[in-house]
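I have placed the structure first, in the form of structure tokens, so that the comments after it can refer back to it.
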Amino acid sequence: MFAVRWHLFVVLLGTALLGGCSGGGGAAAPAPSSVAATSAAAPPSSSAPAPAPSSSSPAPSPVAHNLVVVIDPGHNGGNASNPGIINKQVPAGRGRTKPCNTTGTATNGGYTEHAFTWDVARRVGAKLTERGIRVVYTRADDNGVGPCVDKRAEIGNEANAAAVVSIHADGSTSAGAHGFHVAYSSPALNAAQGEPSMSLARTLRDALRETFPVSNYLGNDGLAPRDDLAGLNLSTRPAALIECGNMRNSAEAAEMSTSDGRQRYADSIAAGILSYLG
């Protein structure tokens, strides 16, 4: 894949499933207040800084030159306070529309999905950058608004990304619901959504299940073909969406709420991406 010049801008201000992300929509923001929301533009992405190699171990060898990977951390910290922006209907593919974005879910202890996805995304990006991959993020921080789901797909398309990986967590209240799954667009709408996206989803699944259990309530053997996720439907690059686990499950919530736990998720996701890129 070839690197491209990057000049997209993300709206800063301020699809979650089964109360989190699994329905592709998530928790909508409350009705707009009397204070009108405003927006400001800022660069949507940056390359995660590669940690300096220690003097006792060599730096990792590069995977390949000129590869771009787009990491899409689900939701954003300002979404809940800006309903006028995130409730606006935008294209979702297959002739459908859906809200621009959603608030996401949270653990019962209040640790939010948007904070989890942002932290894991940056950790994944750092590991990819170590290997010479250019990393582009769909949002620049965790206190902005959006971007909308159609814009997130556009970022990956315009970057000519070798892979686009969206990171989420679920919020199911079903008893005993736990485990991760990886979604991909199905039926495919273009060549990239066919075998390339399915291969990316399988490779991510294989890497994650070395450490984490597959979902016992969504998908099949850790994979979930979907026709309702805008970021996947609108992608012209190989793309997959990971629901890392269920934030309402006490064990998985504990894992997601710790730095070590988030590093384990990031290590698995990065390993899957690197395996896919070969």
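Scheme for the structure tokens: letters A, B, ... for chains in order shown; per-chain residue numbers from 1; ligand numbers from 1 in order shown.
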Using only C-alpha atoms, tabulate the residues of segment 123-191 of chain A lying at most 7 Å from any atom of segment 97-106 of chain A, each with its closest atom pair and that distance in Å to one decimal, by chain and increasing residue number, as a tab-separated table.
```
residue	atom	partner	partner_atom	distance
A:Gly146	CA	A:Asn101	CA	6.0
A:Cys148	CA	A:Cys100	CA	4.3
A:Val149	CA	A:Cys100	CA	5.7
A:Asp170	CA	A:Thr105	CA	6.9
A:Gly171	CA	A:Thr105	CA	5.6
```
- Using DSSP on the backbone coordinates, identify all residues within segment 71-249 of chain A classified as alpha helix (DSSP H); present the result as a VMD selection string. chain A and resid 83 to 86 113 to 130 149 to 158 195 to 208 230 to 233
- Could you tell me how far atom CA of Ser259 of chain A lies from atom CA of Val120 of chain A, in Å and to one decimal?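 Value for the atom CA of Ser259 of chain A-atom CA of Val120 of chain A distance: 9.3 Å.
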- Message: Just the number, please: distance in Å from atom CA of Arg122 of chain A to atom CA of Pro83 of chain A, one decimal.
- Response: 26.1 Å
- Which residue of A:His181, A:Arg262, A:Arg226, A:Arg123 approaches Arg205 of chain A most closely, using only C-alpha atoms: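 Looking at the shortest contact to Arg205 of chain A, the residue is A:His181.
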- Message: Going by DSSP on the backbone, which residues of segment 32-256 of chain A come out as strand (DSSP E)? List them as a VMD selection string.
- Response: chain A and resid 40 to 42 68 to 73 89 to 93 96 to 99 134 to 137 163 to 170 181 to 185 223 to 226 239 to 246
Only N, CA and C atoms, please: the residues just picked out, written as a short mmCIF file (atom, residue, chain, number, x, y, z; two decimals), in the first residue's frame.
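Saved result, out-v4.cif, follows:
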```
data_model
loop_
_atom_site.label_atom_id
_atom_site.label_comp_id
_atom_site.auth_asym_id
_atom_site.auth_seq_id
_atom_site.Cartn_x
_atom_site.Cartn_y
_atom_site.Cartn_z
N ALA A 40 -14.99 23.27 16.11
CA ALA A 40 -13.70 23.81 15.72
C ALA A 40 -12.94 22.73 15.01
N ALA A 41 -12.09 23.12 14.09
CA ALA A 41 -11.33 22.14 13.31
C ALA A 41 -9.94 21.98 13.88
N ALA A 42 -9.42 20.76 13.80
CA ALA A 42 -8.06 20.47 14.23
C ALA A 42 -7.58 19.25 13.48
N VAL A 68 0.35 2.53 5.48
CA VAL A 68 -0.49 3.36 6.35
C VAL A 68 -1.54 2.47 7.00
N VAL A 69 -1.69 2.58 8.30
CA VAL A 69 -2.78 1.92 9.02
C VAL A 69 -3.60 3.00 9.72
N VAL A 70 -4.91 2.95 9.55
CA VAL A 70 -5.81 3.89 10.21
C VAL A 70 -6.42 3.19 11.42
N ILE A 71 -6.27 3.82 12.58
CA ILE A 71 -6.85 3.33 13.83
C ILE A 71 -8.00 4.25 14.21
N ASP A 72 -9.16 3.65 14.43
CA ASP A 72 -10.39 4.40 14.69
C ASP A 72 -10.88 4.12 16.11
N PRO A 73 -10.52 4.98 17.09
CA PRO A 73 -11.01 4.79 18.46
C PRO A 73 -12.48 5.19 18.54
N GLN A 89 -28.36 12.97 11.34
CA GLN A 89 -28.31 11.79 10.48
C GLN A 89 -27.27 11.98 9.37
N VAL A 90 -26.50 10.92 9.14
CA VAL A 90 -25.47 10.92 8.10
C VAL A 90 -25.58 9.63 7.31
N PRO A 91 -24.97 9.55 6.12
CA PRO A 91 -25.01 8.31 5.33
C PRO A 91 -24.36 7.15 6.09
N ALA A 92 -25.00 5.98 5.98
CA ALA A 92 -24.48 4.79 6.65
C ALA A 92 -24.24 3.64 5.68
N GLY A 93 -24.38 3.90 4.37
CA GLY A 93 -24.18 2.84 3.39
C GLY A 93 -25.45 2.03 3.19
N ARG A 96 -28.91 3.68 3.69
CA ARG A 96 -29.40 3.99 5.03
C ARG A 96 -28.73 5.24 5.59
N THR A 97 -29.33 5.75 6.67
CA THR A 97 -28.69 6.81 7.45
C THR A 97 -28.69 6.37 8.92
N LYS A 98 -27.87 7.05 9.72
CA LYS A 98 -27.85 6.80 11.16
C LYS A 98 -27.26 8.02 11.84
N PRO A 99 -27.33 8.11 13.18
CA PRO A 99 -26.75 9.27 13.85
C PRO A 99 -25.26 9.41 13.57
N ARG A 134 3.17 4.02 9.18
CA ARG A 134 2.56 5.33 9.45
C ARG A 134 1.15 5.11 9.99
N VAL A 135 0.89 5.65 11.16
CA VAL A 135 -0.39 5.48 11.83
C VAL A 135 -1.20 6.77 11.74
N VAL A 136 -2.45 6.64 11.34
CA VAL A 136 -3.37 7.77 11.28
C VAL A 136 -4.55 7.46 12.19
N TYR A 137 -4.93 8.41 13.03
CA TYR A 137 -6.07 8.25 13.93
C TYR A 137 -7.27 9.04 13.39
N ALA A 163 -4.88 -1.09 6.12
CA ALA A 163 -5.87 -1.68 7.02
C ALA A 163 -6.50 -0.56 7.84
N VAL A 164 -7.80 -0.70 8.11
CA VAL A 164 -8.52 0.22 8.98
C VAL A 164 -9.11 -0.61 10.11
N VAL A 165 -8.76 -0.27 11.34
CA VAL A 165 -9.22 -1.05 12.49
C VAL A 165 -9.93 -0.13 13.47
N SER A 166 -11.20 -0.40 13.69
CA SER A 166 -12.01 0.38 14.63
C SER A 166 -12.07 -0.36 15.95
N ILE A 167 -11.82 0.37 17.04
CA ILE A 167 -11.74 -0.24 18.38
C ILE A 167 -12.92 0.22 19.22
N HIS A 168 -13.66 -0.75 19.76
CA HIS A 168 -14.84 -0.47 20.57
C HIS A 168 -14.88 -1.43 21.76
N ALA A 169 -15.88 -1.26 22.61
CA ALA A 169 -16.21 -2.21 23.66
C ALA A 169 -17.73 -2.22 23.80
N ASP A 170 -18.28 -3.33 24.20
CA ASP A 170 -19.73 -3.50 24.23
C ASP A 170 -20.29 -3.17 25.61
N HIS A 181 -15.58 -9.89 19.87
CA HIS A 181 -15.85 -10.34 18.51
C HIS A 181 -15.35 -9.29 17.53
N VAL A 182 -15.13 -9.70 16.31
CA VAL A 182 -14.62 -8.82 15.26
C VAL A 182 -15.65 -8.79 14.13
N ALA A 183 -16.09 -7.59 13.77
CA ALA A 183 -17.10 -7.42 12.73
C ALA A 183 -16.46 -7.00 11.41
N TYR A 184 -17.10 -7.42 10.32
CA TYR A 184 -16.70 -6.99 8.99
C TYR A 184 -17.96 -6.81 8.15
N SER A 185 -17.87 -6.03 7.09
CA SER A 185 -19.04 -5.71 6.27
C SER A 185 -19.46 -6.92 5.44
N LEU A 223 -16.28 -13.98 15.18
CA LEU A 223 -16.48 -13.19 13.96
C LEU A 223 -17.96 -12.84 13.81
N ALA A 224 -18.22 -11.62 13.31
CA ALA A 224 -19.59 -11.16 13.16
C ALA A 224 -19.75 -10.41 11.85
N PRO A 225 -20.31 -11.04 10.80
CA PRO A 225 -20.62 -10.30 9.57
C PRO A 225 -21.76 -9.32 9.83
N ARG A 226 -21.60 -8.07 9.39
CA ARG A 226 -22.59 -7.03 9.67
C ARG A 226 -22.90 -6.23 8.41
N ALA A 239 -11.20 -3.32 6.17
CA ALA A 239 -11.62 -2.71 7.44
C ALA A 239 -12.29 -3.75 8.32
N ALA A 240 -12.10 -3.59 9.63
CA ALA A 240 -12.75 -4.45 10.62
C ALA A 240 -12.99 -3.65 11.88
N LEU A 241 -14.00 -4.06 12.65
CA LEU A 241 -14.34 -3.39 13.91
C LEU A 241 -14.26 -4.41 15.03
N ILE A 242 -13.50 -4.08 16.07
CA ILE A 242 -13.31 -4.99 17.21
C ILE A 242 -14.15 -4.51 18.39
N GLU A 243 -15.01 -5.38 18.90
CA GLU A 243 -15.64 -5.17 20.20
C GLU A 243 -14.77 -5.95 21.19
N CYS A 244 -13.95 -5.25 21.95
CA CYS A 244 -12.91 -5.91 22.76
C CYS A 244 -13.47 -6.78 23.87
N GLY A 245 -14.68 -6.53 24.27
CA GLY A 245 -15.29 -7.30 25.34
C GLY A 245 -16.50 -6.54 25.86
N ASN A 246 -17.09 -7.03 26.93
CA ASN A 246 -18.29 -6.43 27.49
C ASN A 246 -17.96 -5.64 28.75
#
```
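Across the structure, atom CA of Glu255 of chain A and atom CA of Asn76 of chain A are spaced 20.7 Å apart.
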- Query: Between A:Asn157, A:Asn87, A:Thr129, A:Asn66, which is the closest to Gly231 of chain A once you count only C-alpha atoms?
  - Reply: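 Between A:Asn157, A:Asn87, A:Thr129, A:Asn66, the residue approaching Gly231 of chain A most closely is A:Asn157.
Residue nearest Ser235 of chain A within the list A:Lys88, A:Arg264, A:His178, A:Arg94: A:Arg94 [criterion: smallest interatomic distance, only C-alpha atoms].
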- Top pick for closest residue to Ile86 of chain A, considering A:Ile133, A:Gly144, A:Lys127, A:Tyr111 and counting only C-alpha atoms: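 Ranked by minimum distance to Ile86 of chain A, first place goes to A:Gly144.
By only C-alpha atoms, and with residues fewer than 4 positions from Gly179 of chain A along its chain excluded, the set lying at most 6 Å from it is Pro213, Val214, Ser215 and Gly245 of chain A.
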Mind writing the picked residues with C-alpha atoms as a CSV table (one decimal), in the first residue's frame?
```
chain,number,residue,atom,x,y,z
A,213,PRO,CA,-12.3,-15.4,25.2
A,214,VAL,CA,-14.4,-15.0,22.1
A,215,SER,CA,-17.9,-13.7,22.6
A,245,GLY,CA,-15.3,-7.3,25.3
```
